[in-house]
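Enquirer: Dumping the structure here so I can ask a few things about it.
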Amino acid sequence: MIQDPLNDQLGRPLQDLRISVTDRCNFRCQYCMPEEIFGKDYAFLPKKDILSFEEIVKVVSLMVPFGIKKLRITGGEPLMRKDLPELIASLGKIEGIKDIALTTNGSLLKKHIYSLKEARLKRINVSLDTLDDQIFNQLNSRAYKVSDVLEGIESAASAGIQVKVNMVVQKGINDHDIVPMARYFRGTPHILRFIEFMDVGNFNDWNLEKVVSKKEIVQLINEQMPLEPVEANYFGEVASRYKYKGTDEEIGVISSVSDSFCSSCTRARLSANGQLYTCLFATKGHDLRKLIRSRAKDQEITDEIKRIWYGRHDRYSDERLLQTNRKERKKIEMSYIGG
Ligand code: SAM
Ligand code: SF4
Ligand code: SF4
C-alpha cells in the first residue's frame, strides 16, 4: 500500500494523524480552555469553515499512501460533533487504516456508546484527572460528576471497546490523586496513563514548577505498589510503560516535558478547519482546506502534503527549556488541534 514512505528532515516517517473534528467543548479545563478566555464571547470556528466528513475522508485517503495507518479523533470535545460515528465508520473503510482511536473527556460517552460500537470503534482514551468531584469541577469549570465519566468508561468496556485513561498531573492541584487513581484503575482492564502538564497554547499559565515529572510520578507509585519498566510496543510510542511487579497490570507515563520524545514523533495533526500541523507546539499550519475547496487535483494535494512533511524539522519539546522566547511564541491552542 505504501507507495512512497515519506521521511521528514530528521528522518521521521509520517505514520499517524490526529484529526480535530471541532474546536468546541462542554468543559473548560484550566490547562486547555480557561473559562476567562474561552467565555461566551469567544469566537469559535463558524460551521462553514469546518471540514465536512467527506473532506476529512479525502485528506486521510490521500495520506495513506505515505504511510498513515493510525488515526486519532480528537477536538475540542469530539463527541460534540454531530454524527461523529458516521465519520468513524467511513474512516474505518479506508484501505490501509489499521487503527482508529477516539480521545474524549468521557462526559457524553455513555449516550453515544451504542453508535460508536456500531461504527466499529475499537479504542477510546478517556481523560480523567481526579476521582474527587470538587477538584473535577474546579479543573473543568463545569458541574459534571466524576461518575458521569466512570459510567462512560464502563459502558465502553461493556460494548467491547478498549479504554485507556489519561490523567494530566499538575503540582499542588491533583498530584495527591496520583496514587488513588493508580489504585482505582489497578485490576481493571483500563490502562492508566499519566501526562506531564505541558505548555500548550498561550493561556494556561504554565511553568516548570507546576510539572510533576515522570520520575516523581513513578517514584510515588513505586513506593506503594512496586513497578518495573516494560519495553515499548512500537517505534514512536509516546508513553513509557511500567508493570506492577509480578503482574501484567500496566501503567504509562507521557513525559513530553522531562523526557521528550521528538526524535520518534511520527504524528501530523489536522485541525477542524483543515490546517495541517507538524507539531503540537506549532505557530502556524498549512491550509489544506483552501486547496481542497479550490478543486485542486488529488496529485496537487498529495504534492503539498509531501512538501509539508518533507520540510518538517519540529522538535519543540527537545528544545523547550533552551528557548529564550518561549513565552512570546504564539502557539496554536490545544482545543484547536487536539492533544
Ligand atoms: N476533549 C477531549 C479530552 O479532553 O480528552 C479531547 C481533546 S483534549 C485537548 C486531548 C488531551 O489533551 C486530553 O487528554 C487533555 O487532558 C490533554 N491536555 C489538554 N491540555 C493539556 C496540557 N496543558 N498539558 C497536558 N495535556 C493536556
Ligand atoms: Fe475540553 Fe478536552 Fe480541552 Fe478539557 S482538555 S477543555 S475536555 S478539549
Ligand atoms: Fe512531536 Fe512536536 Fe511533541 Fe516533539 S514537541 S513530540 S515534534 S508534537
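Labels used: A, B, ... for chains in the order of the C-alpha cells, numbers from 1 for residues in each chain, and numbers from 1 for ligands as shown.
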Mind the document's chain letters and residue numbers, and return as an NGL selection string the residues of range 181-308 of chain A that DSSP labels alpha helix (DSSP H).

Expert: :A and (181-185 or 214-224 or 288-293 or 298-308)

Enquirer: Take the residues that were just selected and, keeping N, CA, C and O atoms, output them as a tab-separated table (two decimals), in the first residue's frame.

Expert:
chain	number	residue	atom	x	y	z
A	181	MET	N	-5.65	7.25	42.01
A	181	MET	CA	-6.06	6.88	40.64
A	181	MET	C	-5.40	5.56	40.25
A	181	MET	O	-6.05	4.69	39.65
A	182	ALA	N	-4.11	5.41	40.60
A	182	ALA	CA	-3.42	4.15	40.26
A	182	ALA	C	-4.12	2.97	40.94
A	182	ALA	O	-4.37	1.94	40.32
A	183	ARG	N	-4.48	3.17	42.22
A	183	ARG	CA	-5.17	2.08	42.94
A	183	ARG	C	-6.53	1.77	42.31
A	183	ARG	O	-6.91	0.63	42.15
A	184	TYR	N	-7.25	2.85	41.95
A	184	TYR	CA	-8.61	2.67	41.42
A	184	TYR	C	-8.57	1.84	40.12
A	184	TYR	O	-9.39	0.94	39.92
A	185	PHE	N	-7.62	2.18	39.24
A	185	PHE	CA	-7.65	1.51	37.93
A	185	PHE	C	-6.83	0.22	37.90
A	185	PHE	O	-6.92	-0.54	36.94
A	214	LYS	N	7.94	12.58	35.18
A	214	LYS	CA	7.78	11.12	35.10
A	214	LYS	C	8.47	10.45	36.28
A	214	LYS	O	7.90	9.56	36.91
A	215	LYS	N	9.68	10.91	36.58
A	215	LYS	CA	10.47	10.30	37.67
A	215	LYS	C	9.69	10.38	38.99
A	215	LYS	O	9.58	9.40	39.73
A	216	GLU	N	9.12	11.56	39.26
A	216	GLU	CA	8.37	11.74	40.52
A	216	GLU	C	7.11	10.87	40.54
A	216	GLU	O	6.76	10.29	41.56
A	217	ILE	N	6.43	10.81	39.41
A	217	ILE	CA	5.18	10.02	39.34
A	217	ILE	C	5.49	8.55	39.60
A	217	ILE	O	4.84	7.90	40.43
A	218	VAL	N	6.51	8.04	38.91
A	218	VAL	CA	6.86	6.62	39.06
A	218	VAL	C	7.31	6.33	40.50
A	218	VAL	O	6.91	5.33	41.09
A	219	GLN	N	8.08	7.26	41.05
A	219	GLN	CA	8.57	7.09	42.43
A	219	GLN	C	7.40	7.00	43.42
A	219	GLN	O	7.36	6.11	44.27
A	220	LEU	N	6.45	7.91	43.26
A	220	LEU	CA	5.29	7.94	44.18
A	220	LEU	C	4.53	6.62	44.16
A	220	LEU	O	4.15	6.09	45.20
A	221	ILE	N	4.30	6.11	42.96
A	221	ILE	CA	3.53	4.86	42.85
A	221	ILE	C	4.37	3.68	43.33
A	221	ILE	O	3.90	2.83	44.08
A	222	ASN	N	5.63	3.70	42.91
A	222	ASN	CA	6.54	2.60	43.24
A	222	ASN	C	6.67	2.39	44.76
A	222	ASN	O	6.83	1.27	45.23
A	223	GLU	N	6.60	3.51	45.52
A	223	GLU	CA	6.70	3.40	46.98
A	223	GLU	C	5.55	2.57	47.55
A	223	GLU	O	5.69	1.89	48.56
A	224	GLN	N	4.39	2.65	46.91
A	224	GLN	CA	3.21	1.95	47.41
A	224	GLN	C	3.00	0.60	46.72
A	224	GLN	O	2.57	-0.37	47.34
A	288	LEU	N	-4.81	23.07	4.00
A	288	LEU	CA	-5.26	22.05	3.05
A	288	LEU	C	-6.69	22.31	2.59
A	288	LEU	O	-7.09	21.97	1.49
A	289	ARG	N	-7.49	22.94	3.48
A	289	ARG	CA	-8.89	23.20	3.13
A	289	ARG	C	-8.99	24.06	1.86
A	289	ARG	O	-9.77	23.79	0.95
A	290	LYS	N	-8.16	25.10	1.82
A	290	LYS	CA	-8.20	26.00	0.67
A	290	LYS	C	-7.91	25.22	-0.62
A	290	LYS	O	-8.59	25.37	-1.63
A	291	LEU	N	-6.93	24.35	-0.50
A	291	LEU	CA	-6.55	23.55	-1.66
A	291	LEU	C	-7.70	22.64	-2.08
A	291	LEU	O	-8.07	22.57	-3.26
A	292	ILE	N	-8.31	21.96	-1.10
A	292	ILE	CA	-9.39	21.04	-1.41
A	292	ILE	C	-10.58	21.79	-2.02
A	292	ILE	O	-11.16	21.36	-3.02
A	293	ARG	N	-10.90	22.93	-1.42
A	293	ARG	CA	-12.09	23.66	-1.89
A	293	ARG	C	-11.82	24.40	-3.20
A	293	ARG	O	-12.75	24.87	-3.84
A	298	ASP	N	-6.07	15.68	-7.05
A	298	ASP	CA	-5.51	14.88	-5.95
A	298	ASP	C	-3.98	14.96	-5.94
A	298	ASP	O	-3.36	15.05	-4.89
A	299	GLN	N	-3.41	14.92	-7.13
A	299	GLN	CA	-1.94	14.96	-7.21
A	299	GLN	C	-1.37	16.25	-6.59
A	299	GLN	O	-0.36	16.23	-5.90
A	300	GLU	N	-2.08	17.37	-6.83
A	300	GLU	CA	-1.60	18.64	-6.26
A	300	GLU	C	-1.66	18.59	-4.73
A	300	GLU	O	-0.77	19.09	-4.05
A	301	ILE	N	-2.73	17.97	-4.21
A	301	ILE	CA	-2.87	17.90	-2.75
A	301	ILE	C	-1.79	16.98	-2.18
A	301	ILE	O	-1.13	17.32	-1.20
A	302	THR	N	-1.56	15.86	-2.81
A	302	THR	CA	-0.52	14.95	-2.27
A	302	THR	C	0.86	15.59	-2.39
A	302	THR	O	1.70	15.44	-1.50
A	303	ASP	N	1.09	16.33	-3.46
A	303	ASP	CA	2.39	17.02	-3.59
A	303	ASP	C	2.58	18.01	-2.44
A	303	ASP	O	3.68	18.14	-1.89
A	304	GLU	N	1.49	18.68	-2.08
A	304	GLU	CA	1.58	19.67	-0.99
A	304	GLU	C	1.85	18.97	0.35
A	304	GLU	O	2.69	19.41	1.13
A	305	ILE	N	1.16	17.85	0.59
A	305	ILE	CA	1.38	17.10	1.85
A	305	ILE	C	2.84	16.63	1.92
A	305	ILE	O	3.51	16.74	2.94
A	306	LYS	N	3.30	16.16	0.79
A	306	LYS	CA	4.69	15.68	0.70
A	306	LYS	C	5.65	16.83	1.01
A	306	LYS	O	6.59	16.67	1.80
A	307	ARG	N	5.40	17.97	0.42
A	307	ARG	CA	6.28	19.14	0.63
A	307	ARG	C	6.29	19.52	2.12
A	307	ARG	O	7.34	19.78	2.70
A	308	ILE	N	5.09	19.48	2.74
A	308	ILE	CA	4.98	19.90	4.14
A	308	ILE	C	5.76	18.94	5.04
A	308	ILE	O	6.55	19.35	5.87

Enquirer: Got a sec: who's within 9 Å of Phe281 in chain A, counting only C-alpha atoms, leaving out chain neighbours fewer than 3 positions off, as a list in words?

Expert: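 Near Phe281 in chain A, the qualifying residues are Asp199, Val200, Gly201, Tyr277, Thr278, Asp314, Tyr316, Ser317, Lys331, Ile332, Glu333 and Met334 of chain A.
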
Enquirer: For Ile37 in chain A, which residue among A:Asn202, A:Leu227, A:Ile195, A:Arg241 is the nearest when counting only C-alpha atoms?

Expert: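 Ranking A:Asn202, A:Leu227, A:Ile195, A:Arg241 by distance to Ile37 in chain A, first place goes to A:Asn202.
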
Enquirer: Nearest to Phe235 in chain A: which of A:Asn26, A:Thr266, A:Ser20, A:Gln323 is it, counting only C-alpha atoms?

Expert: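 The closest residue to Phe235 in chain A is A:Thr266.
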
Enquirer: When distances are computed from only C-alpha atoms and all ligand atoms, which of A:Pro226, A:Gly252, A:Gly172, A:Pro78 shows the smallest separation from ligand 1?

Expert: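 Of A:Pro226, A:Gly252, A:Gly172, A:Pro78, the one nearest ligand 1, counting only C-alpha atoms and all ligand atoms, is A:Pro78.
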
Enquirer: Using only C-alpha atoms and all ligand atoms, which of the listed residues (A:Val238, A:Ile94, A:Ile124, A:Ile251) sits closest to ligand 1?

Expert: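 Counting only C-alpha atoms and all ligand atoms, the residue closest to ligand 1 is A:Ile124.
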
Enquirer: Please measure the separation of CA of Lys82 in chain A and CA of Tyr114 in chain A, giving the value in Å to one decimal.

Expert: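 Taking CA of Lys82 in chain A as the start and CA of Tyr114 in chain A as the end point, the length is 14.8 Å.
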
Enquirer: Got a sec to tell me which of range 51-287 of chain A DSSP assigns to strand (DSSP E or B), as a PyMOL selection string?

Expert: chain A and resi 70-74+99-104+123-127+162-170+191-196+211+227-230+240-244+250-254+267-270+275-277+286-287

Enquirer: Using the selection just defined, write its residues with C-alpha atoms as a tab-separated table (two decimals), in the first residue's frame.

Expert:
chain	number	residue	atom	x	y	z
A	70	LYS	CA	-3.28	5.20	12.69
A	71	LEU	CA	-5.90	7.85	13.26
A	72	ARG	CA	-6.94	9.58	16.46
A	73	ILE	CA	-10.17	11.56	16.56
A	74	THR	CA	-9.99	14.47	18.94
A	99	ASP	CA	-6.32	1.67	13.90
A	100	ILE	CA	-8.77	4.40	14.89
A	101	ALA	CA	-8.98	5.75	18.43
A	102	LEU	CA	-11.09	8.47	19.99
A	103	THR	CA	-9.94	10.87	22.72
A	104	THR	CA	-12.79	12.23	24.83
A	123	ARG	CA	-10.27	2.10	21.19
A	124	ILE	CA	-11.07	5.12	23.34
A	125	ASN	CA	-8.86	7.29	25.53
A	126	VAL	CA	-10.80	8.96	28.30
A	127	SER	CA	-9.33	11.97	30.07
A	162	GLN	CA	-10.76	-0.91	24.87
A	163	VAL	CA	-10.38	2.09	27.18
A	164	LYS	CA	-7.24	3.85	28.36
A	165	VAL	CA	-7.50	6.62	30.94
A	166	ASN	CA	-5.34	9.74	30.70
A	167	MET	CA	-4.60	11.89	33.75
A	168	VAL	CA	-2.83	15.25	33.36
A	169	VAL	CA	-0.91	15.91	36.57
A	170	GLN	CA	-0.41	19.41	37.97
A	191	ILE	CA	-4.52	1.21	31.48
A	192	LEU	CA	-3.98	4.48	33.30
A	193	ARG	CA	-1.52	6.92	31.76
A	194	PHE	CA	-0.14	9.97	33.50
A	195	ILE	CA	0.59	13.01	31.35
A	196	GLU	CA	3.05	15.72	32.33
A	211	VAL	CA	5.06	19.94	36.29
A	227	LEU	CA	6.83	-1.13	39.42
A	228	GLU	CA	9.13	-2.41	36.71
A	229	PRO	CA	9.68	-0.93	33.21
A	230	VAL	CA	8.25	-2.59	30.10
A	240	SER	CA	6.85	4.94	28.83
A	241	ARG	CA	5.30	1.73	30.10
A	242	TYR	CA	5.55	0.10	33.54
A	243	LYS	CA	4.07	-3.02	35.14
A	244	TYR	CA	3.22	-3.64	38.75
A	250	GLU	CA	0.28	-1.83	33.32
A	251	ILE	CA	0.51	1.96	33.64
A	252	GLY	CA	2.11	4.54	31.35
A	253	VAL	CA	3.68	7.97	31.67
A	254	ILE	CA	3.78	10.53	28.87
A	267	ARG	CA	2.40	12.47	14.11
A	268	ALA	CA	0.70	15.08	11.96
A	269	ARG	CA	-2.37	16.99	13.11
A	270	LEU	CA	-5.34	18.18	11.11
A	275	GLN	CA	-4.96	23.20	8.59
A	276	LEU	CA	-2.21	20.60	8.71
A	277	TYR	CA	0.22	20.99	11.64
A	286	HIS	CA	-0.72	24.63	6.25
A	287	ASP	CA	-4.04	25.31	4.58

Enquirer: Kindly provide, as a ChimeraX atom specification, all nucleotide and amino acid residues lying within 9 Å of ligand 2, counting only C-alpha atoms and all ligand atoms.

Expert: /A:23-34,74-78,103-107,127,139-140,334-336,338-339

Enquirer: Save out the residues we just selected, C-alpha atoms, as a tab-separated table (two decimals), in the first residue's frame.

Expert:
chain	number	residue	atom	x	y	z
A	23	ASP	CA	-12.85	23.36	18.42
A	24	ARG	CA	-15.84	23.40	20.80
A	25	CYS	CA	-16.05	21.67	24.15
A	26	ASN	CA	-18.52	21.24	27.02
A	27	PHE	CA	-15.64	21.55	29.54
A	28	ARG	CA	-13.42	24.49	30.32
A	29	CYS	CA	-10.30	22.76	31.65
A	30	GLN	CA	-7.96	25.39	33.05
A	31	TYR	CA	-4.95	23.87	31.30
A	32	CYS	CA	-6.62	23.83	27.88
A	33	MET	CA	-9.59	26.22	27.51
A	34	PRO	CA	-9.61	28.50	30.56
A	74	THR	CA	-9.99	14.47	18.94
A	75	GLY	CA	-11.03	18.09	19.47
A	76	GLY	CA	-12.28	20.14	21.39
A	77	GLU	CA	-14.70	17.50	22.55
A	78	PRO	CA	-15.17	15.21	19.54
A	103	THR	CA	-9.94	10.87	22.72
A	104	THR	CA	-12.79	12.23	24.83
A	105	ASN	CA	-13.49	13.80	28.19
A	106	GLY	CA	-15.95	10.94	28.68
A	107	SER	CA	-18.90	13.02	29.84
A	127	SER	CA	-9.33	11.97	30.07
A	139	LEU	CA	-10.44	21.74	36.96
A	140	ASN	CA	-13.05	21.87	34.20
A	334	MET	CA	-4.75	22.65	22.14
A	335	SER	CA	-8.55	22.72	21.69
A	336	TYR	CA	-7.97	23.60	18.03
A	338	GLY	CA	-6.36	18.22	19.88
A	339	GLY	CA	-3.85	16.51	22.17

Enquirer: Of the candidates A:Leu109, A:Leu280, A:Met198, A:Leu17, which one gets nearest to ligand 1 if we count only C-alpha atoms and all ligand atoms?

Expert: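 Smallest separation from ligand 1 among the options: A:Met198.
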
Enquirer: Suppose you want the space between CA of Leu108 in chain A and atom 2 (C, counted along the ligand's line) of ligand 1; what is it in Å?

Expert: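 Computing it gives 10.8 Å between the two atoms.
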
Enquirer: Can you tell me how far CA of Glu35 in chain A sits from atom 7 (C, counted along the ligand's line) of ligand 1, in Å to one decimal?

Expert: 15.7 Å
